[in-house]
Structure formats: structure tokens, C-alpha cells
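**Student:** Below is run-v2.tsv; it holds TSV, C-alpha atoms.
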chain	number	residue	atom	x	y	z
A	197	MET	CA	16.16	11.15	64.63
A	198	ALA	CA	13.79	13.16	66.73
A	199	ASP	CA	14.29	16.80	67.51
A	200	PRO	CA	11.68	19.09	69.06
A	201	THR	CA	12.60	21.97	66.77
A	202	VAL	CA	12.25	20.04	63.51
A	203	THR	CA	8.93	18.92	62.07
A	204	THR	CA	8.99	15.80	59.93
A	205	PHE	CA	7.91	16.31	56.35
A	206	ASP	CA	5.21	13.64	56.51
A	207	ASP	CA	3.45	15.21	59.48
A	208	VAL	CA	-0.10	16.45	58.86
A	209	VAL	CA	-0.15	19.77	60.67
A	210	ARG	CA	-3.47	20.92	62.07
A	211	ILE	CA	-3.68	23.68	64.64
A	212	PRO	CA	-6.64	24.29	66.90
A	213	ALA	CA	-8.92	27.10	65.81
A	214	PRO	CA	-8.92	30.13	68.11
A	215	PRO	CA	-12.19	31.27	69.70
A	216	GLY	CA	-14.70	32.23	67.03
A	217	ARG	CA	-13.16	29.96	64.40
A	218	GLY	CA	-13.74	26.34	63.49
A	219	THR	CA	-16.59	24.27	64.84
A	220	ALA	CA	-15.68	24.37	68.51
A	221	VAL	CA	-13.12	26.14	70.66
A	222	GLY	CA	-9.87	24.14	70.66
A	223	ARG	CA	-10.96	21.66	67.97
A	224	PRO	CA	-10.08	22.06	64.29
A	225	PRO	CA	-12.81	21.11	61.84
A	226	ARG	CA	-12.78	17.84	59.97
A	227	ILE	CA	-12.16	17.77	56.25
A	228	GLU	CA	-15.82	16.84	55.74
A	229	GLU	CA	-16.88	20.08	57.43
A	230	VAL	CA	-14.60	22.15	55.24
A	231	ALA	CA	-15.98	20.38	52.18
A	232	GLU	CA	-19.58	21.01	53.28
A	233	ARG	CA	-18.94	24.73	53.74
A	234	ALA	CA	-17.28	24.93	50.33
A	235	GLY	CA	-19.97	22.87	48.62
A	236	VAL	CA	-17.47	20.30	47.35
A	237	SER	CA	-16.41	16.75	48.18
A	238	PRO	CA	-13.70	15.95	50.77
A	239	ILE	CA	-11.63	14.59	47.91
A	240	THR	CA	-11.60	18.05	46.31
A	241	VAL	CA	-10.41	19.63	49.57
A	242	SER	CA	-7.63	17.07	49.80
A	243	ARG	CA	-6.68	17.69	46.18
A	244	VAL	CA	-6.40	21.44	46.81
A	245	LEU	CA	-3.97	20.79	49.66
A	246	ARG	CA	-1.89	18.21	47.82
A	247	HIS	CA	-2.19	19.13	44.13
A	248	PRO	CA	-3.68	22.65	43.85
A	249	GLU	CA	-2.81	22.90	40.17
A	250	LYS	CA	-5.42	20.21	39.46
A	251	VAL	CA	-8.32	22.31	40.82
A	252	ASN	CA	-9.80	25.29	38.99
A	253	ARG	CA	-8.88	28.64	40.46
A	254	GLU	CA	-12.34	29.70	41.64
A	255	THR	CA	-12.94	26.48	43.55
A	256	ARG	CA	-9.40	26.43	44.90
A	257	ASP	CA	-9.62	29.98	46.23
A	258	ARG	CA	-13.00	29.29	47.85
A	259	ILE	CA	-11.67	26.20	49.63
A	260	LEU	CA	-8.46	27.93	50.72
A	261	GLY	CA	-10.45	30.81	52.14
A	262	ILE	CA	-12.52	28.41	54.25
A	263	ILE	CA	-9.35	26.57	55.34
A	264	GLU	CA	-7.84	29.80	56.60
A	265	ALA	CA	-11.07	30.95	58.23
A	266	THR	CA	-11.62	27.69	60.10
A	267	GLY	CA	-8.05	26.78	61.02
A	268	TYR	CA	-8.30	23.36	59.36
A	269	ALA	CA	-4.71	23.49	58.11
A	270	SER	CA	-1.78	25.47	59.43
A	271	ASN	CA	-2.05	29.04	58.21
A	272	PRO	CA	1.45	29.19	56.67
A	273	HIS	CA	0.59	26.36	54.29
A	274	ALA	CA	-2.73	27.86	53.27
A	275	ARG	CA	-1.18	31.27	52.72
A	276	ALA	CA	1.51	29.71	50.56
A	277	LEU	CA	-1.12	28.08	48.36
A	278	ARG	CA	-3.01	31.34	47.94
A	279	SER	CA	-0.15	33.79	47.51
A	280	GLY	CA	2.90	31.78	46.55
A	281	ARG	CA	4.68	33.08	49.68
A	282	SER	CA	5.58	30.76	52.52
A	283	ASN	CA	7.47	30.55	55.79
A	284	VAL	CA	8.07	26.83	55.24
A	285	VAL	CA	11.54	25.59	54.27
A	286	ILE	CA	12.01	21.96	53.24
A	287	ALA	CA	15.23	20.08	54.09
A	288	PHE	CA	15.66	16.85	52.14
A	289	VAL	CA	18.24	14.48	53.63
A	290	SER	CA	19.72	11.49	51.82
A	291	ASN	CA	19.34	9.24	54.87
A	292	ILE	CA	17.24	10.35	57.83
A	293	LEU	CA	19.25	8.05	60.15
A	294	SER	CA	22.55	9.80	59.43
A	295	GLN	CA	24.03	11.63	62.40
A	296	GLN	CA	25.89	14.08	60.15
A	297	PHE	CA	22.77	15.03	58.21
A	298	GLY	CA	20.89	15.42	61.49
A	299	LEU	CA	23.52	17.80	62.88
A	300	ALA	CA	23.39	19.90	59.73
A	301	VAL	CA	19.58	20.12	59.69
A	302	ARG	CA	19.43	21.04	63.39
A	303	SER	CA	21.89	23.89	62.84
A	304	PHE	CA	19.97	24.95	59.74
A	305	ALA	CA	16.70	25.02	61.70
A	306	ALA	CA	18.34	26.86	64.60
A	307	ALA	CA	19.31	29.66	62.21
A	308	LEU	CA	15.89	29.90	60.52
A	309	GLU	CA	13.33	29.37	63.25
A	310	PRO	CA	14.07	32.55	65.27
A	311	GLU	CA	13.21	34.46	62.09
A	312	GLY	CA	9.78	32.82	61.83
A	313	TYR	CA	10.54	30.00	59.38
A	314	GLU	CA	9.42	26.42	59.87
A	315	VAL	CA	11.72	23.60	58.75
A	316	LEU	CA	10.18	20.36	57.49
A	317	VAL	CA	12.34	17.29	56.84
A	318	GLY	CA	12.00	14.66	54.11
A	319	GLN	CA	14.18	11.83	52.81
A	320	THR	CA	15.40	11.13	49.29
A	321	SER	CA	17.12	7.79	50.13
A	322	TYR	CA	19.79	8.42	47.46
A	323	SER	CA	17.03	7.70	44.92
A	324	TYR	CA	16.33	9.47	41.64
A	325	ALA	CA	12.75	8.22	41.83
A	326	ARG	CA	12.37	9.83	45.28
A	327	GLU	CA	13.73	13.08	43.83
A	328	VAL	CA	10.94	13.07	41.25
A	329	ALA	CA	8.35	12.48	43.98
A	330	MET	CA	9.97	15.26	46.01
A	331	LEU	CA	9.51	17.69	43.13
A	332	GLN	CA	5.80	16.91	43.01
A	333	SER	CA	5.57	17.67	46.73
A	334	LEU	CA	7.40	20.96	46.32
A	335	ARG	CA	4.99	22.09	43.61
A	336	GLY	CA	2.08	21.52	45.97
A	337	ILE	CA	3.60	23.00	49.12
A	338	ARG	CA	5.34	25.97	47.49
A	339	PRO	CA	8.00	26.39	50.20
A	340	ALA	CA	10.10	29.48	50.73
A	341	ALA	CA	13.24	27.48	49.95
A	342	VAL	CA	14.66	23.97	49.85
A	343	LEU	CA	17.90	22.43	51.13
A	344	PHE	CA	19.45	19.11	50.07
A	345	THR	CA	22.14	17.06	51.81
A	346	GLY	CA	23.65	16.39	48.43
A	347	VAL	CA	23.37	17.76	44.92
A	348	ILE	CA	20.76	17.16	42.24
A	349	GLU	CA	22.38	15.27	39.36
A	350	LEU	CA	19.59	14.60	36.83
A	351	GLU	CA	19.24	17.50	34.42
A	352	GLU	CA	15.44	17.22	34.30
A	353	ASN	CA	15.25	17.48	38.08
A	354	ARG	CA	17.65	20.42	38.11
A	355	ALA	CA	15.51	22.18	35.50
A	356	ALA	CA	12.33	21.46	37.47
A	357	LEU	CA	13.83	22.98	40.61
A	358	GLN	CA	14.91	26.08	38.72
A	359	GLU	CA	11.37	26.46	37.37
A	360	LEU	CA	10.06	26.68	40.95
A	361	ALA	CA	11.91	30.01	41.26
A	362	ILE	CA	12.76	29.50	44.94
A	363	PRO	CA	16.17	29.50	46.66
A	364	VAL	CA	17.89	26.11	46.49
A	365	ILE	CA	20.82	25.10	48.71
A	366	GLU	CA	22.88	22.04	47.85
A	367	THR	CA	25.43	20.58	50.28
A	368	TRP	CA	27.84	17.68	50.88
A	369	ALA	CA	29.55	18.13	47.51
A	370	TYR	CA	31.24	20.86	45.47
A	371	PRO	CA	30.18	20.71	41.81
A	372	ARG	CA	31.22	23.35	39.31
A	373	ASP	CA	27.63	24.18	38.38
A	374	PRO	CA	25.37	24.22	41.46
A	375	ILE	CA	21.72	25.06	40.90
A	376	ASP	CA	21.91	28.03	43.25
A	377	MET	CA	23.65	28.23	46.65
A	378	LEU	CA	26.21	25.65	47.76
A	379	VAL	CA	27.87	24.66	51.05
A	380	GLY	CA	30.01	21.56	50.78
A	381	PHE	CA	33.34	19.92	50.08
A	382	SER	CA	35.10	18.02	47.32
A	383	ASN	CA	34.36	14.31	47.59
A	384	ALA	CA	37.11	13.58	45.07
A	385	ASP	CA	39.57	15.38	47.36
A	386	ALA	CA	38.33	13.21	50.24
A	387	GLY	CA	39.15	10.08	48.26
A	388	ALA	CA	42.61	11.43	47.42
A	389	MET	CA	43.21	12.23	51.10
A	390	ALA	CA	42.34	8.63	51.96
A	391	ALA	CA	44.86	7.25	49.47
A	392	ARG	CA	47.61	9.53	50.74
A	393	ARG	CA	46.91	8.60	54.37
A	394	LEU	CA	47.10	4.87	53.63
A	395	ALA	CA	50.28	5.35	51.60
A	396	THR	CA	51.88	7.30	54.45
A	397	ALA	CA	51.11	4.37	56.75
A	398	GLY	CA	52.95	2.05	54.34
A	399	HIS	CA	49.98	0.22	52.85
A	400	ARG	CA	50.28	-0.88	49.23
A	401	ARG	CA	47.44	-3.39	48.65
A	402	VAL	CA	44.15	-1.73	49.46
A	403	ALA	CA	40.41	-2.07	48.88
A	404	PHE	CA	37.51	0.35	48.56
A	405	ILE	CA	34.01	-0.11	50.00
A	406	GLY	CA	31.35	2.46	49.14
A	407	ARG	CA	28.47	3.49	46.97
A	408	SER	CA	29.02	3.21	43.20
A	409	SER	CA	27.02	6.35	42.40
A	410	GLY	CA	26.66	9.91	43.63
A	411	ARG	CA	29.08	11.13	46.29
A	412	GLY	CA	30.40	7.62	46.92
A	413	ALA	CA	31.50	7.37	43.30
A	414	LEU	CA	33.30	10.72	43.55
A	415	ARG	CA	35.21	9.51	46.63
A	416	ARG	CA	36.05	6.28	44.80
A	417	ASP	CA	37.30	8.17	41.74
A	418	GLY	CA	39.49	10.46	43.85
A	419	PHE	CA	40.84	7.41	45.68
A	420	ARG	CA	41.63	5.67	42.38
A	421	ALA	CA	43.39	8.65	40.87
A	422	ALA	CA	45.59	9.32	43.88
A	423	ALA	CA	46.32	5.62	44.44
A	424	GLY	CA	47.61	5.32	40.87
A	425	LYS	CA	50.02	8.22	41.38
A	426	LEU	CA	51.22	6.82	44.71
A	427	GLY	CA	51.87	3.30	43.46
A	428	ILE	CA	49.07	1.78	45.53
A	429	GLU	CA	47.21	-1.21	44.10
A	430	ILE	CA	43.44	-1.23	44.58
A	431	VAL	CA	42.90	-4.96	44.81
A	432	HIS	CA	39.10	-4.86	45.08
A	433	GLU	CA	36.20	-2.43	45.04
A	434	ILE	CA	33.00	-3.48	46.79
A	435	ALA	CA	29.95	-1.51	45.64
A	436	VAL	CA	27.11	-0.89	48.10
A	437	GLY	CA	23.62	0.28	47.18
A	438	GLU	CA	21.51	2.04	49.82
A	439	ILE	CA	23.25	2.34	53.18
A	440	THR	CA	20.84	1.79	56.06
A	441	GLY	CA	23.03	0.68	58.95
A	442	LEU	CA	26.05	-1.19	60.28
A	443	VAL	CA	24.85	-4.42	58.71
A	444	ASP	CA	25.70	-3.02	55.27
A	445	GLY	CA	29.32	-2.58	56.33
A	446	ARG	CA	29.46	-6.07	57.79
A	447	THR	CA	28.02	-7.56	54.61
A	448	ALA	CA	30.36	-5.60	52.33
A	449	PHE	CA	33.42	-6.53	54.41
A	450	GLY	CA	32.38	-10.18	54.33
A	451	ALA	CA	32.09	-9.95	50.54
A	452	LEU	CA	35.60	-8.48	50.39
A	453	LEU	CA	37.06	-11.31	52.44
A	454	ALA	CA	35.22	-13.84	50.28
A	455	ARG	CA	37.23	-12.63	47.27
A	456	GLY	CA	40.24	-14.34	48.84
A	457	ASP	CA	42.89	-11.80	47.85
A	458	PRO	CA	44.73	-10.36	50.84
A	459	VAL	CA	44.69	-6.61	51.41
A	460	ASP	CA	46.43	-4.63	54.09
A	461	ALA	CA	44.05	-1.65	54.27
A	462	VAL	CA	40.44	-0.73	53.40
A	463	PHE	CA	38.97	2.70	52.73
A	464	CYS	CA	35.25	2.76	53.53
A	465	ALA	CA	33.68	5.88	52.03
A	466	ASN	CA	31.08	6.09	54.81
A	467	ASP	CA	31.49	5.63	58.57
A	468	LEU	CA	28.50	3.31	58.86
A	469	LEU	CA	30.25	1.02	56.40
A	470	ALA	CA	33.58	1.39	58.20
A	471	THR	CA	32.22	0.67	61.68
A	472	GLY	CA	30.26	-2.29	60.31
A	473	ALA	CA	33.45	-3.55	58.69
A	474	LEU	CA	35.32	-3.19	61.97
A	475	ILE	CA	32.67	-5.21	63.80
A	476	GLU	CA	32.78	-7.92	61.13
A	477	ALA	CA	36.58	-8.03	61.22
A	478	ARG	CA	36.58	-8.60	64.97
A	479	SER	CA	33.86	-11.25	64.68
A	480	ARG	CA	36.14	-13.16	62.29
A	481	GLY	CA	39.12	-12.97	64.59
A	482	LEU	CA	41.00	-10.30	62.64
A	483	SER	CA	43.04	-7.71	64.47
A	484	VAL	CA	42.73	-4.08	63.35
A	485	PRO	CA	45.16	-2.57	62.42
A	486	ARG	CA	47.63	-5.49	62.78
A	487	ASP	CA	45.95	-7.71	60.18
A	488	LEU	CA	44.52	-4.85	58.13
A	489	ALA	CA	43.86	-1.14	58.57
A	490	LEU	CA	40.49	0.60	58.24
A	491	LEU	CA	39.83	4.21	57.27
A	492	GLY	CA	36.36	5.79	57.30
A	493	PHE	CA	34.64	8.97	56.23
A	494	GLY	CA	32.24	11.14	58.21
A	495	ASP	CA	33.19	10.74	61.90
A	496	ASN	CA	29.97	9.63	63.56
A	497	ASP	CA	29.62	8.93	67.28
A	498	VAL	CA	30.05	5.19	66.83
A	499	ALA	CA	33.50	5.67	65.33
A	500	ASP	CA	34.79	6.98	68.66
A	501	GLN	CA	33.24	4.14	70.69
A	502	MET	CA	34.79	1.23	68.81
A	503	THR	CA	37.89	-0.69	69.89
A	504	PRO	CA	40.12	0.35	68.29
A	505	GLY	CA	38.63	3.74	67.49
A	506	LEU	CA	38.07	4.40	63.81
A	507	THR	CA	40.44	6.77	62.03
A	508	THR	CA	38.29	8.80	59.68
A	509	ILE	CA	38.07	11.83	57.41
A	510	ALA	CA	35.86	14.42	59.08
A	511	PHE	CA	34.21	17.80	58.54
A	512	ASP	CA	31.97	20.12	60.53
A	513	SER	CA	28.42	19.03	59.76
A	514	ALA	CA	26.88	21.64	62.03
A	515	ALA	CA	28.81	24.38	60.23
A	516	ILE	CA	27.32	23.26	56.92
A	517	GLY	CA	23.81	23.74	58.31
A	518	ARG	CA	24.65	27.04	60.00
A	519	ILE	CA	26.25	28.55	56.89
A	520	ALA	CA	23.38	27.33	54.74
A	521	GLY	CA	20.91	28.97	57.11
A	522	GLU	CA	22.81	32.26	57.06
A	523	LEU	CA	22.97	32.27	53.26
A	524	LEU	CA	19.26	31.57	52.99
A	525	LEU	CA	18.19	34.21	55.52
A	526	ALA	CA	20.20	36.85	53.67
A	527	ARG	CA	18.66	35.81	50.35
A	528	LEU	CA	15.12	35.84	51.73
A	529	ALA	CA	15.74	39.27	53.29
A	530	GLY	CA	16.79	40.63	49.90
A	531	THR	CA	20.40	41.19	50.94
A	532	PRO	CA	22.23	38.13	49.57
A	533	HIS	CA	25.84	37.50	50.53
A	534	ALA	CA	28.42	38.28	47.88
A	535	VAL	CA	29.70	34.69	48.08
A	536	GLN	CA	27.08	32.02	47.38
A	537	ARG	CA	29.44	29.01	47.39
A	538	HIS	CA	31.22	27.94	50.55
A	539	ALA	CA	33.73	25.10	51.00
A	540	VAL	CA	34.20	23.50	54.42
A	541	GLU	CA	37.48	21.93	55.49
A	542	LEU	CA	38.16	18.19	55.46
A	543	PHE	CA	40.51	16.84	58.14
A	544	PHE	CA	41.60	13.57	59.75
A	545	VAL	CA	40.50	12.34	63.14
A	546	GLU	CA	43.25	9.92	64.12
A	547	ARG	CA	42.30	6.96	66.28
A	548	GLY	CA	43.61	3.42	66.30
A	549	SER	CA	42.43	1.67	63.14
A	550	ILE	CA	45.44	2.56	60.96
Please re-express this file's structure in C-alpha cells.
**Tutor:**
Amino acid sequence: MADPTVTTFDDVVRIPAPPGRGTAVGRPPRIEEVAERAGVSPITVSRVLRHPEKVNRETRDRILGIIEATGYASNPHARALRSGRSNVVIAFVSNILSQQFGLAVRSFAAALEPEGYEVLVGQTSYSYAREVAMLQSLRGIRPAAVLFTGVIELEENRAALQELAIPVIETWAYPRDPIDMLVGFSNADAGAMAARRLATAGHRRVAFIGRSSGRGALRRDGFRAAAGKLGIEIVHEIAVGEITGLVDGRTAFGALLARGDPVDAVFCANDLLATGALIEARSRGLSVPRDLALLGFGDNDVADQMTPGLTTIAFDSAAIGRIAGELLLARLAGTPHAVQRHAVELFFVERGSI
């Protein structure tokens, strides 16, 4: 998802040196030239930029001084390495292809950039291993703050983030013990809403398709609990690992049909899964909602373009990013808001799939 106001986390940012800096007007020096001036190898320069804690202080300061003087790296990054202060804010999204995450990050950046902050974007891919790699990156970059489209679950990763002593904003969930600031919603409540909506429509044999961990598991658990109270039978649960596109929904729906047990409604805890399921249903000659109903979560653009349109549980993604940006700006200005946890509303968008 490209956006001119958001810089991808993996970009190597080099700005041209102004007159009197660098090796030539308009051209930043090469890493070899920085190394030559500092009397070190290019590998040492690279190590200072990526893992400054691995280089002794005297050498590190000498290299960083040359970096700032020549314009080799963007000045905000070099200043952060020298002083521990930065105008860089990192936004880690669970899936960089998600429309909802993109809307949130754009609103977040729109709040921060007029105040001189630069937002870089990375991806965790719903992976604990990626979270560990992310923490290593944060130690090297020393950002002003970090935002996650999700919450950090592993205690060792939570502790490592707290040790960084920077503002942390978690979103897309509503745990009792956030690391710091929080803007989100209850995923368990979303699951319960789904069960109640299907019950209201008269469905009694239902299925669940979604992730078996993280937020997907919370939606599943809320769905289970409410279904039990409403007398709804969950005939099958289809667990999905990483969600990358519509094909995952098609595959999961095919797996559900292969079980052979009839169901009259399916709750897909992600709209990519739900729209993929709708496509697969139509490809197999099934009529939605006559043969079975489909309910999604998230309300992406595709949901409105399907025939029938996908009924889904929605929320204001842009508001999550905007509120997160406002909370962070107040914190960085030294005037934090009295309320550091904000819940956004969940609501139904009714279309034709139920």
C-alpha cells in the first residue's frame, strides 16, 4: 500500500548534502568515503547505523559526527543515535496489505507529520519471531515512539519494549494490561456480536473461520461463549494461519465444505476470509444467503463490491489512527491526556449476505 506521506520501514534514507557538505553538491557520500574519513572499515560504519551498541563509544561518536557532517544518512536518524532523541515514529502493522491497517497508519501519520515527526512502517506478519526482530531494530533506531496494529502478547517482548523507555501505543484490541497507551476494541465482544446477529436471523448450525491465535482467537472465544448461551451449535471451526489474501478464505471455505456437515451460517473473523469464502461459495454453485449466510469482520472495500454485499462488523479504522496520533503528540509535548485508553465503537454494516 503506497502512500506519499508514509515512508516504508525498509527504506534506506539518504539525503543529498547541502553546499559545503559531502563530496559534491547534491550527492551524498558513499559509505566507503565515510569510513575513510573515520579511519575505519565500511563494515564498522554499517554496524554503527544498525547495531550501535556493538561499537565502542569513542569510535561510534566519531563515525556519527562524520555522518552528520557529510549528510550520509538522514540527520534525524544520526541525531537519535547520538542523543537518544528522535523525530522518527515506527508503526508496525500485522499485515501491510490490510486496508484497515493502512487507513489507521495514514491517519496516524497525518496527525504527526505536521509536528515534524516522520512515520516509518514495518510488518510483523502476526509472528512472534518478527516481533523479536522488530525489537532489535528498535534498539538500533531509537525512535521517539512506536505503534502496533495489535497488542504484544509475549511477556519477554513486553518487558523489552518497556525497557526502551519510549511511548508505546497498542491498537486493535482492548486488554486489561496494555504496555502503555491503547486505542482499540474488544475482540471478544465482536465475536459475541456475531453470534447474536446470526441467532437473530434464525441460524442455529453455524461455523467459524479465523485465526486460532491472537485477535482471531479472542473473536472465536467470544463467538463460542455467546453461541452457547443462545443455543447455537458451532458445527465446525476452521483455523487459518497467516492471512495474505482472498485465496485463504476460498481455501478455508473449501475445507469447511469438505467436512460434509451442513451449516446454515458462517462467521469469518476477517473480511479477507469472508470475501474469499463468498467467492468460493459462488464458484461451487451455492447461493448466499439462501443456502448459507456469511458474516465478516472489518468492512474492507471488497465487501461492498461483492454480490451479494457482505454483512460485516465494522469500526472506524481512521479514528484509531487519529486518536493514537493525538495521544502520542500530547505525550511527546509533556502534556499527556488524562485518559490513555480509548475504546472505539463496533457496529454492523448490513448488506445482503445474511
**Student:** For stretch 454-507 of chain A against stretch 365-386 of chain A, with a cut-off of 12 Å and counting all atoms listed in the file, what is the closest atom pair and its distance in Å to one decimal for every residue that makes the cut, ordered by chain and number, as a Markdown table?
**Tutor:**
| residue | atom | partner | partner_atom | distance |
| --- | --- | --- | --- | --- |
| A:Phe463 | CA | A:Ala386 | CA | 10.8 |
| A:Cys464 | CA | A:Ala386 | CA | 11.4 |
| A:Ala465 | CA | A:Ala386 | CA | 8.9 |
| A:Asn466 | CA | A:Ala386 | CA | 11.1 |
| A:Leu491 | CA | A:Ala386 | CA | 11.5 |
| A:Gly492 | CA | A:Ala386 | CA | 10.4 |
| A:Phe493 | CA | A:Ala386 | CA | 8.2 |
| A:Gly494 | CA | A:Ala386 | CA | 10.2 |
**Student:** Considering all atoms listed in the file, state which residue in the set A:Ala454, A:Ala413, A:Ala526, A:Ile516 is at the smallest distance from A:Phe344.
**Tutor:** A:Ile516
**Student:** Applying 6 Å and only C-alpha atoms, which residues near stretch 302-315 of chain A remain after dropping the ones on its own chain fewer than 3 positions away? List them as a list in words.
**Tutor:** Val202, Asn283, Val284, Val285, Ile286, Leu299, Ala514, Gly517, Arg518 and Gly521 of chain A
**Student:** What's the 9 Å shell around A:Arg392, counting all atoms listed in the file, without same-chain residues fewer than 5 positions away, as a list in words?
**Tutor:**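 My reading of the contact set: Gly387, Ala397, Phe419, Ala422, Ala423 and Leu426 of chain A.
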**Student:** With distances taken over all atoms listed in the file, which of A:Pro248, A:Gly530, A:Gly481, A:Gly346 is nearest to A:Ser333?
**Tutor:**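 Once distances to A:Ser333 are computed over all atoms listed in the file, the minimum belongs to A:Pro248.
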**Student:** Would you pick out the contacts of A:Val498 at 8 Å or less, using all atoms listed in the file, so that residues sharing its chain but fewer than 3 positions from it are not included, and give the list as a list in words?
**Tutor:**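 Once the nearby chain positions are removed, what remains is Thr471, Gln501 and Met502 of chain A.
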**Student:** Some atoms are absent from stretch 522-538 of chain A, so rebuild N, CA, C and O atoms and return them as a PDB file, in the coordinates of the input.
**Tutor:**
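Result file follows (selection36.pdb):
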ATOM      1  N   GLU A 522      22.449  30.850  57.187  1.00  0.00           N
ATOM      2  CA  GLU A 522      22.810  32.260  57.060  1.00  0.00           C
ATOM      3  C   GLU A 522      22.675  32.736  55.613  1.00  0.00           C
ATOM      4  O   GLU A 522      22.178  33.849  55.358  1.00  0.00           O
ATOM      5  N   LEU A 523      23.112  31.910  54.673  1.00  0.00           N
ATOM      6  CA  LEU A 523      22.970  32.270  53.260  1.00  0.00           C
ATOM      7  C   LEU A 523      21.503  32.459  52.886  1.00  0.00           C
ATOM      8  O   LEU A 523      21.135  33.413  52.185  1.00  0.00           O
ATOM      9  N   LEU A 524      20.675  31.525  53.350  1.00  0.00           N
ATOM     10  CA  LEU A 524      19.260  31.570  52.990  1.00  0.00           C
ATOM     11  C   LEU A 524      18.564  32.775  53.605  1.00  0.00           C
ATOM     12  O   LEU A 524      17.787  33.461  52.929  1.00  0.00           O
ATOM     13  N   LEU A 525      18.827  33.053  54.876  1.00  0.00           N
ATOM     14  CA  LEU A 525      18.190  34.210  55.520  1.00  0.00           C
ATOM     15  C   LEU A 525      18.538  35.503  54.792  1.00  0.00           C
ATOM     16  O   LEU A 525      17.670  36.370  54.595  1.00  0.00           O
ATOM     17  N   ALA A 526      19.798  35.638  54.393  1.00  0.00           N
ATOM     18  CA  ALA A 526      20.200  36.850  53.670  1.00  0.00           C
ATOM     19  C   ALA A 526      19.477  36.933  52.330  1.00  0.00           C
ATOM     20  O   ALA A 526      19.008  38.010  51.932  1.00  0.00           O
ATOM     21  N   ARG A 527      19.358  35.809  51.636  1.00  0.00           N
ATOM     22  CA  ARG A 527      18.660  35.810  50.350  1.00  0.00           C
ATOM     23  C   ARG A 527      17.186  36.180  50.522  1.00  0.00           C
ATOM     24  O   ARG A 527      16.641  37.003  49.773  1.00  0.00           O
ATOM     25  N   LEU A 528      16.537  35.580  51.517  1.00  0.00           N
ATOM     26  CA  LEU A 528      15.120  35.840  51.730  1.00  0.00           C
ATOM     27  C   LEU A 528      14.864  37.280  52.200  1.00  0.00           C
ATOM     28  O   LEU A 528      13.787  37.835  51.966  1.00  0.00           O
ATOM     29  N   ALA A 529      15.866  37.875  52.844  1.00  0.00           N
ATOM     30  CA  ALA A 529      15.740  39.270  53.290  1.00  0.00           C
ATOM     31  C   ALA A 529      16.050  40.255  52.175  1.00  0.00           C
ATOM     32  O   ALA A 529      15.916  41.468  52.348  1.00  0.00           O
ATOM     33  N   GLY A 530      16.481  39.751  51.013  1.00  0.00           N
ATOM     34  CA  GLY A 530      16.790  40.630  49.900  1.00  0.00           C
ATOM     35  C   GLY A 530      18.170  41.239  49.955  1.00  0.00           C
ATOM     36  O   GLY A 530      18.481  42.168  49.204  1.00  0.00           O
ATOM     37  N   THR A 531      19.035  40.692  50.832  1.00  0.00           N
ATOM     38  CA  THR A 531      20.400  41.190  50.940  1.00  0.00           C
ATOM     39  C   THR A 531      21.377  40.014  50.840  1.00  0.00           C
ATOM     40  O   THR A 531      22.078  39.687  51.803  1.00  0.00           O
ATOM     41  N   PRO A 532      21.416  39.340  49.700  1.00  0.00           N
ATOM     42  CA  PRO A 532      22.230  38.130  49.570  1.00  0.00           C
ATOM     43  C   PRO A 532      23.710  38.396  49.779  1.00  0.00           C
ATOM     44  O   PRO A 532      24.216  39.474  49.466  1.00  0.00           O
ATOM     45  N   HIS A 533      24.392  37.401  50.343  1.00  0.00           N
ATOM     46  CA  HIS A 533      25.840  37.500  50.530  1.00  0.00           C
ATOM     47  C   HIS A 533      26.535  37.546  49.163  1.00  0.00           C
ATOM     48  O   HIS A 533      26.046  36.987  48.182  1.00  0.00           O
ATOM     49  N   ALA A 534      27.675  38.181  49.137  1.00  0.00           N
ATOM     50  CA  ALA A 534      28.420  38.280  47.880  1.00  0.00           C
ATOM     51  C   ALA A 534      28.902  36.903  47.421  1.00  0.00           C
ATOM     52  O   ALA A 534      28.961  36.622  46.226  1.00  0.00           O
ATOM     53  N   VAL A 535      29.229  36.039  48.386  1.00  0.00           N
ATOM     54  CA  VAL A 535      29.700  34.690  48.080  1.00  0.00           C
ATOM     55  C   VAL A 535      28.558  33.706  48.321  1.00  0.00           C
ATOM     56  O   VAL A 535      28.021  33.634  49.425  1.00  0.00           O
ATOM     57  N   GLN A 536      28.183  32.968  47.286  1.00  0.00           N
ATOM     58  CA  GLN A 536      27.080  32.020  47.380  1.00  0.00           C
ATOM     59  C   GLN A 536      27.552  30.569  47.407  1.00  0.00           C
ATOM     60  O   GLN A 536      26.738  29.654  47.481  1.00  0.00           O
ATOM     61  N   ARG A 537      28.864  30.356  47.332  1.00  0.00           N
ATOM     62  CA  ARG A 537      29.440  29.010  47.390  1.00  0.00           C
ATOM     63  C   ARG A 537      30.486  28.962  48.489  1.00  0.00           C
ATOM     64  O   ARG A 537      31.429  29.755  48.496  1.00  0.00           O
ATOM     65  N   HIS A 538      30.305  28.058  49.427  1.00  0.00           N
ATOM     66  CA  HIS A 538      31.220  27.940  50.550  1.00  0.00           C
ATOM     67  C   HIS A 538      31.767  26.527  50.642  1.00  0.00           C
ATOM     68  O   HIS A 538      31.014  25.554  50.580  1.00  0.00           O
TER      69      HIS A 538
END
